[in-house]
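Working notes, beginning with the structure itself.
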Amino acid sequence: MPNNKRKRVSKIKDKEKAHPYSRKARQINRAMHKETSIAKAKSERINAALGRGQKIVWFRDNMDKGEEEVEAKLKKKMWTMVELRQLVDVYLERNDEEIENILAKKEEGKNLLQKESLFLQLVDSEVKEAKLAGVEVPDLTNGAVVKALRAWDGDLNSITTIKLVTCKPASIIPIEEEAKNSRRGDSASAKADKIPQLLTEQQAIEISTGMAVN
């Protein structure tokens, strides 16, 4: 029976001698494609873990702002959801100074570097996604998570011990409430339009008798 097991490129013998259209060449191409796919998936996992780690580090380092001098036992044990939403706003504003510098450079007529343009796109995408669907952040409304976050040493291998929750920024809540109230108002108005108006006494007499009442 033929051996269909895909080998690593380095394990294929005489690959340098393979004819471009030979079976061995196809085997080499399959092995290269597999290795490329594995490397890409691994890179994506690492980048995702790094991005998640950087976010969690930010919350660990910023959740106690203003309480640095407070004794550990007196520090806040957990946050309300409103406080967590407010902290998400602060998180989304963390790049404001750098954004202002880049935009000032653009206003001066200077060409932006590719990495600067990409940075603006990434920040814009992050803010839009956070406002639309929310952003995953450490669940500071859970006392056990707060305790674990303060004790976390930044090791990505133990990052799974910190529970995340999807949370929208506080700044978007008034807009959503206004939209909800507007929809309620439109619905009530539509219902009112469907309610038949009561006939006046004069109109009732005219309809029942077929005579006009002066």
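By convention here, the chains of the structure tokens are called A, B, ... in the order presented, each chain's residues are numbered starting at 1, and ligands are numbered starting at 1 in the order presented.
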
Assign secondary structure with DSSP using the backbone only, and return the residues of range 104-187 of chain A in helix (DSSP H, G or I) as a ChimeraX atom specification. /A:104-107,114-132,143-151,156-161,170-187

Two-atom distance - CA of Ala144 in chain A, CA of Leu74 in chain A (Å): 15.7 Å

Which residue is closest to Phe59 in chain A? Choose from A:Lys106, A:Arg150, A:Lys76, A:Lys168 and count only C-alpha atoms.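 Under the stated criterion, the closest residue is A:Arg150.
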
Residue among A:Arg85, A:Lys115, A:Arg52, A:Arg94 lying closest to Ser171 in chain A, counting only C-alpha atoms: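 Among the listed residues, the smallest separation from Ser171 in chain A belongs to A:Arg85.
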
Give me, as a PDB file with N, CA, C and O atoms, in the first residue's frame, all polymer residues having an atom no more than 10 Å from Leu87 in chain A, counting only C-alpha atoms and skipping those fewer than 6 positions away in the same chain.
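Saved file result05.pdb follows:
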```pdb
ATOM      1  N   PHE A  59      -4.776  46.332  32.546  1.00  0.00           N
ATOM      2  CA  PHE A  59      -5.793  46.390  33.594  1.00  0.00           C
ATOM      3  C   PHE A  59      -5.181  46.116  34.967  1.00  0.00           C
ATOM      4  O   PHE A  59      -5.565  46.743  35.959  1.00  0.00           O
ATOM      5  N   ASN A  62      -3.377  49.350  35.934  1.00  0.00           N
ATOM      6  CA  ASN A  62      -4.151  50.595  35.974  1.00  0.00           C
ATOM      7  C   ASN A  62      -5.416  50.536  36.825  1.00  0.00           C
ATOM      8  O   ASN A  62      -6.012  51.579  37.087  1.00  0.00           O
ATOM      9  N   MET A  63      -5.821  49.351  37.260  1.00  0.00           N
ATOM     10  CA  MET A  63      -7.077  49.272  38.019  1.00  0.00           C
ATOM     11  C   MET A  63      -6.967  49.919  39.394  1.00  0.00           C
ATOM     12  O   MET A  63      -7.971  50.318  39.993  1.00  0.00           O
ATOM     13  N   TRP A  79     -15.121  45.583  41.520  1.00  0.00           N
ATOM     14  CA  TRP A  79     -15.679  46.755  40.873  1.00  0.00           C
ATOM     15  C   TRP A  79     -17.157  46.514  40.547  1.00  0.00           C
ATOM     16  O   TRP A  79     -17.566  45.374  40.323  1.00  0.00           O
ATOM     17  N   MET A  81     -20.255  47.023  37.766  1.00  0.00           N
ATOM     18  CA  MET A  81     -20.221  46.978  36.306  1.00  0.00           C
ATOM     19  C   MET A  81     -20.049  48.375  35.724  1.00  0.00           C
ATOM     20  O   MET A  81     -19.362  48.567  34.712  1.00  0.00           O
ATOM     21  N   GLU A  93      -8.755  54.953  25.703  1.00  0.00           N
ATOM     22  CA  GLU A  93      -8.123  56.269  25.532  1.00  0.00           C
ATOM     23  C   GLU A  93      -6.622  56.227  25.783  1.00  0.00           C
ATOM     24  O   GLU A  93      -5.951  57.261  25.743  1.00  0.00           O
ATOM     25  N   VAL A 137     -12.365  41.936  28.734  1.00  0.00           N
ATOM     26  CA  VAL A 137     -11.508  42.494  29.778  1.00  0.00           C
ATOM     27  C   VAL A 137     -11.593  41.597  31.023  1.00  0.00           C
ATOM     28  O   VAL A 137     -12.544  40.812  31.158  1.00  0.00           O
ATOM     29  N   PRO A 169     -17.822  50.174  26.709  1.00  0.00           N
ATOM     30  CA  PRO A 169     -17.412  51.363  27.469  1.00  0.00           C
ATOM     31  C   PRO A 169     -18.606  52.131  28.001  1.00  0.00           C
ATOM     32  O   PRO A 169     -19.692  52.116  27.406  1.00  0.00           O
ATOM     33  N   ALA A 170     -18.419  52.826  29.121  1.00  0.00           N
ATOM     34  CA  ALA A 170     -19.516  53.573  29.754  1.00  0.00           C
ATOM     35  C   ALA A 170     -20.013  54.694  28.851  1.00  0.00           C
ATOM     36  O   ALA A 170     -21.188  55.043  28.876  1.00  0.00           O
TER      37      ALA A 170
END
```

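Once Ser117 in chain A and its same-chain neighbours fewer than 5 positions away are set aside, Ile102, Leu103, Asn111, Leu112 and Leu122 of chain A remain within 10 Å of it when counting only C-alpha atoms.
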
For Thr80 in chain A, list every protein, DNA or RNA residue within 12 Å, evaluated using only C-alpha atoms, and leave out those in the same chain fewer than 6 positions away; present the list as a ChimeraX atom specification. /A:86-87,139-143,167,170

Selected residue of minimal separation from Val146 in chain A among A:Ser125, A:Thr161, A:Asn101, A:Asn95, counting only C-alpha atoms: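 Under the stated criterion, the closest residue is A:Thr161.
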
Provide the CA of Lys77 in chain A to CA of Asp61 in chain A distance in Å, to one decimal place.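 Interatomic distance, CA of Lys77 in chain A to CA of Asp61 in chain A: 15.2 Å.
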
Which neighbours of Val127 in chain A fall inside 7 Å, counting only C-alpha atoms, when residues of the same chain fewer than 4 positions from it are skipped, and could you give them as a VMD selection string? chain A and resid 92 123 131

List the neighbours of Gly53 in chain A out to 9 Å using only C-alpha atoms; skip same-chain residues closer than 2 positions along the sequence, and give me the result as a count of residues only. 12

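The spacing separating CA of Lys147 in chain A from CA of Arg60 in chain A amounts to 10.2 Å.
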